[in-house]
Every structure is written in C-alpha cells, then in structure tokens.
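The structure file coords_23.pdb is reproduced below (PDB, C-alpha atoms and all ligand atoms).
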ATOM      1  CA  MET A  17     116.761 132.704  76.497  1.00  0.00           C
ATOM      2  CA  ILE A  18     117.652 129.294  75.175  1.00  0.00           C
ATOM      3  CA  SER A  19     115.591 127.744  72.354  1.00  0.00           C
ATOM      4  CA  GLU A  20     113.630 124.574  72.999  1.00  0.00           C
ATOM      5  CA  LYS A  21     115.718 122.639  70.502  1.00  0.00           C
ATOM      6  CA  MET A  22     118.990 123.783  72.060  1.00  0.00           C
ATOM      7  CA  GLU A  23     117.708 123.044  75.552  1.00  0.00           C
ATOM      8  CA  LYS A  24     116.750 119.504  74.508  1.00  0.00           C
ATOM      9  CA  ALA A  25     120.176 118.938  72.936  1.00  0.00           C
ATOM     10  CA  PHE A  26     121.924 120.128  76.109  1.00  0.00           C
ATOM     11  CA  ASN A  27     119.745 117.913  78.293  1.00  0.00           C
ATOM     12  CA  GLU A  28     120.601 114.912  76.138  1.00  0.00           C
ATOM     13  CA  GLN A  29     124.280 115.761  76.369  1.00  0.00           C
ATOM     14  CA  ILE A  30     124.136 116.173  80.162  1.00  0.00           C
ATOM     15  CA  ASN A  31     122.854 112.595  80.136  1.00  0.00           C
ATOM     16  CA  LYS A  32     125.748 111.448  77.918  1.00  0.00           C
ATOM     17  CA  GLU A  33     128.295 113.127  80.203  1.00  0.00           C
ATOM     18  CA  LEU A  34     126.721 111.497  83.249  1.00  0.00           C
ATOM     19  CA  TYR A  35     126.767 108.188  81.388  1.00  0.00           C
ATOM     20  CA  SER A  36     130.489 108.781  80.738  1.00  0.00           C
ATOM     21  CA  GLU A  37     130.979 109.307  84.469  1.00  0.00           C
ATOM     22  CA  TYR A  38     129.137 106.041  85.098  1.00  0.00           C
ATOM     23  CA  LEU A  39     131.097 104.135  82.431  1.00  0.00           C
ATOM     24  CA  TYR A  40     134.424 105.313  83.843  1.00  0.00           C
ATOM     25  CA  LEU A  41     133.281 104.396  87.332  1.00  0.00           C
ATOM     26  CA  ALA A  42     132.681 100.862  86.010  1.00  0.00           C
ATOM     27  CA  MET A  43     136.135 100.864  84.411  1.00  0.00           C
ATOM     28  CA  LYS A  44     137.637 102.088  87.682  1.00  0.00           C
ATOM     29  CA  SER A  45     136.082  99.063  89.309  1.00  0.00           C
ATOM     30  CA  PHE A  46     137.563  96.806  86.579  1.00  0.00           C
ATOM     31  CA  PHE A  47     141.064  98.070  87.412  1.00  0.00           C
ATOM     32  CA  THR A  48     140.422  97.909  91.160  1.00  0.00           C
ATOM     33  CA  GLU A  49     139.786  94.181  90.725  1.00  0.00           C
ATOM     34  CA  LEU A  50     143.128  93.893  88.879  1.00  0.00           C
ATOM     35  CA  ASN A  51     144.803  95.878  91.686  1.00  0.00           C
ATOM     36  CA  LEU A  52     146.310  98.328  89.195  1.00  0.00           C
ATOM     37  CA  GLN A  53     146.099 101.387  91.442  1.00  0.00           C
ATOM     38  CA  GLY A  54     147.551 103.842  88.918  1.00  0.00           C
ATOM     39  CA  PHE A  55     144.838 102.941  86.410  1.00  0.00           C
ATOM     40  CA  VAL A  56     142.299 103.197  89.240  1.00  0.00           C
ATOM     41  CA  ASN A  57     143.529 106.734  89.905  1.00  0.00           C
ATOM     42  CA  TRP A  58     143.431 107.623  86.195  1.00  0.00           C
ATOM     43  CA  PHE A  59     139.798 106.536  85.938  1.00  0.00           C
ATOM     44  CA  ASP A  60     138.951 108.268  89.195  1.00  0.00           C
ATOM     45  CA  VAL A  61     140.153 111.546  87.659  1.00  0.00           C
ATOM     46  CA  GLN A  62     138.181 110.683  84.522  1.00  0.00           C
ATOM     47  CA  VAL A  63     135.034 110.182  86.614  1.00  0.00           C
ATOM     48  CA  GLN A  64     135.474 113.612  88.222  1.00  0.00           C
ATOM     49  CA  GLU A  65     136.113 115.246  84.854  1.00  0.00           C
ATOM     50  CA  GLU A  66     132.962 113.787  83.354  1.00  0.00           C
ATOM     51  CA  HIS A  67     130.964 114.975  86.339  1.00  0.00           C
ATOM     52  CA  ALA A  68     132.388 118.464  85.801  1.00  0.00           C
ATOM     53  CA  HIS A  69     131.499 118.291  82.081  1.00  0.00           C
ATOM     54  CA  ALA A  70     127.898 117.419  82.952  1.00  0.00           C
ATOM     55  CA  MET A  71     127.668 120.139  85.593  1.00  0.00           C
ATOM     56  CA  GLY A  72     129.123 122.736  83.248  1.00  0.00           C
ATOM     57  CA  MET A  73     126.182 122.152  80.900  1.00  0.00           C
ATOM     58  CA  TYR A  74     123.728 121.866  83.790  1.00  0.00           C
ATOM     59  CA  ASP A  75     124.776 125.306  85.038  1.00  0.00           C
ATOM     60  CA  TYR A  76     124.782 126.730  81.520  1.00  0.00           C
ATOM     61  CA  VAL A  77     121.182 125.657  80.802  1.00  0.00           C
ATOM     62  CA  HIS A  78     120.085 127.332  84.048  1.00  0.00           C
ATOM     63  CA  GLU A  79     122.109 130.430  83.267  1.00  0.00           C
ATOM     64  CA  ARG A  80     120.304 130.776  79.950  1.00  0.00           C
ATOM     65  CA  GLY A  81     116.898 130.510  81.583  1.00  0.00           C
ATOM     66  CA  GLY A  82     116.337 126.929  80.445  1.00  0.00           C
ATOM     67  CA  LYS A  83     115.028 123.893  82.256  1.00  0.00           C
ATOM     68  CA  VAL A  84     117.294 120.981  83.113  1.00  0.00           C
ATOM     69  CA  GLU A  85     115.691 117.601  82.627  1.00  0.00           C
ATOM     70  CA  LEU A  86     117.612 114.655  84.009  1.00  0.00           C
ATOM     71  CA  LEU A  87     117.150 111.590  81.817  1.00  0.00           C
ATOM     72  CA  THR A  88     117.661 107.919  82.627  1.00  0.00           C
ATOM     73  CA  ILE A  89     121.305 106.867  82.639  1.00  0.00           C
ATOM     74  CA  ASP A  90     122.011 103.620  80.771  1.00  0.00           C
ATOM     75  CA  LYS A  91     123.744 100.750  82.539  1.00  0.00           C
ATOM     76  CA  PRO A  92     127.438 100.904  81.645  1.00  0.00           C
ATOM     77  CA  VAL A  93     129.083  97.819  80.207  1.00  0.00           C
ATOM     78  CA  VAL A  94     132.848  97.320  80.276  1.00  0.00           C
ATOM     79  CA  GLU A  95     133.392  95.370  77.085  1.00  0.00           C
ATOM     80  CA  GLY A  96     137.124  94.703  77.410  1.00  0.00           C
ATOM     81  CA  LYS A  97     138.794  91.876  79.281  1.00  0.00           C
ATOM     82  CA  THR A  98     142.289  93.424  79.311  1.00  0.00           C
ATOM     83  CA  PRO A  99     143.648  96.957  79.966  1.00  0.00           C
ATOM     84  CA  LEU A 100     144.285  97.291  76.227  1.00  0.00           C
ATOM     85  CA  GLU A 101     140.702  96.386  75.321  1.00  0.00           C
ATOM     86  CA  VAL A 102     139.324  98.721  77.980  1.00  0.00           C
ATOM     87  CA  PHE A 103     141.340 101.582  76.517  1.00  0.00           C
ATOM     88  CA  GLU A 104     140.131 100.675  73.029  1.00  0.00           C
ATOM     89  CA  GLN A 105     136.599 101.039  74.359  1.00  0.00           C
ATOM     90  CA  THR A 106     137.533 104.304  76.101  1.00  0.00           C
ATOM     91  CA  LEU A 107     138.863 105.788  72.866  1.00  0.00           C
ATOM     92  CA  LYS A 108     135.771 104.681  70.988  1.00  0.00           C
ATOM     93  CA  HIS A 109     133.620 106.268  73.671  1.00  0.00           C
ATOM     94  CA  GLU A 110     135.504 109.567  73.565  1.00  0.00           C
ATOM     95  CA  GLU A 111     135.172 109.627  69.772  1.00  0.00           C
ATOM     96  CA  PHE A 112     131.453 109.160  70.248  1.00  0.00           C
ATOM     97  CA  VAL A 113     131.353 112.071  72.727  1.00  0.00           C
ATOM     98  CA  THR A 114     133.230 114.240  70.222  1.00  0.00           C
ATOM     99  CA  SER A 115     130.625 113.417  67.586  1.00  0.00           C
ATOM    100  CA  ARG A 116     127.927 114.400  70.092  1.00  0.00           C
ATOM    101  CA  ILE A 117     129.569 117.770  70.793  1.00  0.00           C
ATOM    102  CA  ASN A 118     129.720 118.343  67.031  1.00  0.00           C
ATOM    103  CA  LEU A 119     126.021 117.549  66.883  1.00  0.00           C
ATOM    104  CA  LEU A 120     125.289 120.125  69.584  1.00  0.00           C
ATOM    105  CA  MET A 121     127.277 122.688  67.630  1.00  0.00           C
ATOM    106  CA  ASP A 122     125.208 121.853  64.545  1.00  0.00           C
ATOM    107  CA  VAL A 123     122.045 122.586  66.540  1.00  0.00           C
ATOM    108  CA  ALA A 124     123.555 125.845  67.864  1.00  0.00           C
ATOM    109  CA  GLU A 125     124.331 126.877  64.282  1.00  0.00           C
ATOM    110  CA  GLU A 126     120.883 125.901  63.112  1.00  0.00           C
ATOM    111  CA  VAL A 127     119.118 128.001  65.760  1.00  0.00           C
ATOM    112  CA  LYS A 128     121.752 130.751  65.455  1.00  0.00           C
ATOM    113  CA  ASP A 129     122.717 130.501  69.130  1.00  0.00           C
ATOM    114  CA  ARG A 130     126.157 132.112  69.095  1.00  0.00           C
ATOM    115  CA  ALA A 131     126.459 132.078  72.895  1.00  0.00           C
ATOM    116  CA  ALA A 132     126.002 128.303  72.885  1.00  0.00           C
ATOM    117  CA  LEU A 133     128.528 127.943  70.082  1.00  0.00           C
ATOM    118  CA  SER A 134     131.114 129.900  72.014  1.00  0.00           C
ATOM    119  CA  PHE A 135     130.343 127.904  75.180  1.00  0.00           C
ATOM    120  CA  LEU A 136     130.680 124.604  73.297  1.00  0.00           C
ATOM    121  CA  ASP A 137     134.051 125.609  71.948  1.00  0.00           C
ATOM    122  CA  TRP A 138     135.575 124.654  75.316  1.00  0.00           C
ATOM    123  CA  TYR A 139     134.083 121.165  75.032  1.00  0.00           C
ATOM    124  CA  LEU A 140     135.426 120.715  71.530  1.00  0.00           C
ATOM    125  CA  LYS A 141     138.961 121.573  72.675  1.00  0.00           C
ATOM    126  CA  GLU A 142     138.535 119.293  75.677  1.00  0.00           C
ATOM    127  CA  GLN A 143     137.585 116.428  73.340  1.00  0.00           C
ATOM    128  CA  VAL A 144     140.745 116.938  71.269  1.00  0.00           C
ATOM    129  CA  GLU A 145     142.720 116.640  74.507  1.00  0.00           C
ATOM    130  CA  GLU A 146     140.740 113.631  75.752  1.00  0.00           C
ATOM    131  CA  GLU A 147     141.200 111.703  72.521  1.00  0.00           C
ATOM    132  CA  ALA A 148     144.930 112.496  72.429  1.00  0.00           C
ATOM    133  CA  ASN A 149     145.326 111.464  76.055  1.00  0.00           C
ATOM    134  CA  VAL A 150     143.509 108.168  75.691  1.00  0.00           C
ATOM    135  CA  GLY A 151     145.124 107.491  72.306  1.00  0.00           C
ATOM    136  CA  GLY A 152     148.562 107.970  73.906  1.00  0.00           C
ATOM    137  CA  ILE A 153     147.878 105.449  76.659  1.00  0.00           C
ATOM    138  CA  LEU A 154     146.418 103.026  74.114  1.00  0.00           C
ATOM    139  CA  ALA A 155     149.566 103.279  71.988  1.00  0.00           C
ATOM    140  CA  THR A 156     151.705 102.564  75.071  1.00  0.00           C
ATOM    141  CA  LEU A 157     149.550  99.553  75.963  1.00  0.00           C
ATOM    142  CA  LYS A 158     150.043  98.203  72.435  1.00  0.00           C
ATOM    143  CA  LEU A 159     153.803  98.539  72.838  1.00  0.00           C
ATOM    144  CA  ILE A 160     153.698  96.860  76.247  1.00  0.00           C
ATOM    145  CA  GLY A 161     151.949  93.743  74.942  1.00  0.00           C
ATOM    146  CA  ASP A 162     152.355  90.951  77.511  1.00  0.00           C
ATOM    147  CA  ASP A 163     155.237  92.616  79.384  1.00  0.00           C
ATOM    148  CA  LYS A 164     153.969  92.734  82.998  1.00  0.00           C
ATOM    149  CA  LYS A 165     156.897  94.843  84.219  1.00  0.00           C
ATOM    150  CA  ALA A 166     156.206  97.497  81.603  1.00  0.00           C
ATOM    151  CA  LEU A 167     152.513  97.448  82.533  1.00  0.00           C
ATOM    152  CA  LEU A 168     153.421  98.127  86.162  1.00  0.00           C
ATOM    153  CA  MET A 169     155.627 101.024  85.043  1.00  0.00           C
ATOM    154  CA  LEU A 170     152.710 102.535  83.138  1.00  0.00           C
ATOM    155  CA  ASP A 171     150.546 101.973  86.203  1.00  0.00           C
ATOM    156  CA  LYS A 172     153.038 104.032  88.230  1.00  0.00           C
ATOM    157  CA  ASP A 173     152.863 106.852  85.660  1.00  0.00           C
ATOM    158  CA  LEU A 174     149.070 106.887  85.735  1.00  0.00           C
ATOM    159  CA  ALA A 175     149.135 107.186  89.531  1.00  0.00           C
ATOM    160  CA  ALA A 176     150.503 110.707  89.114  1.00  0.00           C
ATOM    161  CA  ARG A 177     147.427 112.093  87.382  1.00  0.00           C
ATOM    162  CA  VAL A 178     145.546 114.674  89.455  1.00  0.00           C
ATOM    163  CA  PHE A 179     142.126 116.202  88.988  1.00  0.00           C
ATOM    164  CA  ASN A 180     142.168 119.922  88.315  1.00  0.00           C
ATOM    165  CA  PRO A 181     138.630 121.303  88.372  1.00  0.00           C
ATOM    166  CA  PRO A 182     138.144 122.732  84.865  1.00  0.00           C
ATOM    167  CA  VAL A 183     137.079 126.290  84.217  1.00  0.00           C
ATOM    168  CA  ILE A 184     134.391 125.682  81.607  1.00  0.00           C
ATOM    169  CA  GLY A 185     133.165 128.130  79.007  1.00  0.00           C
TER     170      GLY A 185
HETATM  171 FE1  LIG A 201     133.006 114.563  78.733  1.00  0.00          FE
HETATM  172 FE2  LIG A 201     135.277 112.500  78.176  1.00  0.00          FE
HETATM  173  O1  LIG A 201     133.958 113.648  77.538  1.00  0.00           O
END
For this file, produce the structure as structure tokens.
Ligand code: FEO
Amino acid sequence: MISEKMEKAFNEQINKELYSEYLYLAMKSFFTELNLQGFVNWFDVQVQEEHAHAMGMYDYVHERGGKVELLTIDKPVVEGKTPLEVFEQTLKHEEFVTSRINLLMDVAEEVKDRAALSFLDWYLKEQVEEEANVGGILATLKLIGDDKKALLMLDKDLAARVFNPPVIG
C-alpha cells in the first residue's frame, strides 16, 4: 500500500507530466506555424513520451492500491520567439522535471518506500537522456545561428525521430 504522502507526490507529478505534454503540444504548434515539419515531428514524439510518463505513474499509483487524483493543468506558454529560444525553454523545463523527480525520490526515501524508489529510477535515467537530447539540439541551434540552410538540415534530421513506447519501471 502506498503512503498518503507518496500518493500525493505522485499525483502532483502526474500533473507535471501532463503539463509537459501540453507544453510540448503548444511548441509543436509553434513549429507547425513555421512549417518546420522535422521539429513538428520531434515535438510530436515528445508529446507522446510525456503522455507515457504520466500514464506510467498513473498505472503505478493504481498498482500500489492508491487513488489517482487528476489536478488542473496550467495553460502552457511558449516563451521563445525563435527555435533557439524554444529549445532554451525546453531545456529549462526538463531541468525542472528532473528536480521534481529528485523531489519524489526524497519523499520515497523519507517514507521508506523502496518500491517507489526503484520505480522512480527509470524516470531519473530518462531525465538524464532527455536533458542530453535537448541540450544536443540546443548546441546545434547555437552553431546554426542565422544560417537558414543549416536550420533546414537540422529539420530534416529531426524528422527521423520515432516514438518507441517506453517500458517503464
Ligand atoms: Fe516527462 Fe520530459 O519529462
């Protein structure tokens, strides 16, 4: 059985993952307006990943006999005006999510929930990957600068990304 404190922390994180899905959906729309279809695809995969992250926790709370409470999802705001700025925001957001996963692990340690700790390990590794991924694209965008041809080449690369449903936990 899951503790009340752990259950609350998971429910808050489900909300953050769903917010991430929502934020990336807004960013997908930003790139759709720019007609950068590779970026659109990259964010589409991101949207699906975030949904899977939320559902992984949703299923886990049920599995542990807890109650899922769906909280209000904030309105997402795309702060950037250029692909570079949008990726700066994306990296900042992923760093925030990493800090949230760390927070959940702190709660799991506090209530001595080893099952939750082991479950959250997957999310921690995923965050390392996410930050590296986004950081890599951000570095490329910095190199590209105002070079439109190079931006279109990156767009082509991002078109190749495919969603592989993750096996969580
Ligand atoms: Fe679910 Fe991108 O963190």
**OP:** Kindly compile the residues surrounding ligand LIG 201 (chain A) within 10 Å, counting all atoms listed in the file, and format them as a ChimeraX atom specification.
**Re:** /A:29-30,32-37,40,62-70,106-107,109-114,116-117,139-140,142-147,150
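Closest approach to Tyr74 (chain A) from the set A:Gln105, A:Thr88, A:Asn27, A:Thr156 is made by A:Asn27, with distances taken over only C-alpha atoms.
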**OP:** Measure the distance from CA of Glu85 (chain A) to CA of Asp60 (chain A) in Å and round it to one decimal.
**Re:**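 Those two atoms sit 25.9 Å apart.
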Original post:
What would the list of residues within 9 Å of (144.7, 107.0, 79.8) (file frame) look like as a ChimeraX atom specification, if all atoms listed in the file are what count?
Top reply: /A:55,58-59,62,103,106,146,149-154,174
**OP:** One decimal, Å: what's the distance from CA of Phe26 (chain A) over to CA of Tyr76 (chain A), could you say?
**Re:**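 Interatomic distance here is 9.0 Å.
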Original post:
Quick one: residues within 9 Å of Asn57 (chain A), all atoms listed in the file counted, chain neighbours fewer than 6 positions away excluded, as a list of chain:residue names?
Top reply: A:Lys44, A:Leu174, A:Ala175, A:Ala176, A:Arg177, A:Val178
Produce a file of the selected residues containing C-alpha atoms, as a short mmCIF file (atom, residue, chain, number, x, y, z; two decimals), in the coordinates of the input.
data_model
loop_
_atom_site.label_atom_id
_atom_site.label_comp_id
_atom_site.auth_asym_id
_atom_site.auth_seq_id
_atom_site.Cartn_x
_atom_site.Cartn_y
_atom_site.Cartn_z
CA LYS A 44 137.64 102.09 87.68
CA LEU A 174 149.07 106.89 85.74
CA ALA A 175 149.14 107.19 89.53
CA ALA A 176 150.50 110.71 89.11
CA ARG A 177 147.43 112.09 87.38
CA VAL A 178 145.55 114.67 89.46
#
Original post:
Quick one, how far is CA of Asn180 (chain A) from CA of Glu101 (chain A)?
Top reply: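 These two atoms are separated by 26.9 Å.
With all atoms listed in the file as the atoms that count, the residue of A:Tyr38, A:Leu86, A:Leu119, A:Ala166 with the shortest distance to Leu133 (chain A) is A:Leu119.
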Subject >> Which residue of A:Leu170, A:Leu100, A:Ile89, A:Met22 approaches Lys128 (chain A) most closely, using all atoms listed in the file >> reply: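 Ranked by minimum distance to Lys128 (chain A), first place goes to A:Met22.
Comparing the minimum interatomic distances between Leu50 (chain A) and each of A:Val127, A:Gly82, A:Lys97, A:Asp75, counting all atoms listed in the file, we find that A:Lys97 sits nearest.
Proximity to His78 (chain A) was assessed for A:Glu23, A:Asp171, A:Asp162, A:Glu104 counting only C-alpha atoms; the smallest distance is recorded for A:Glu23.
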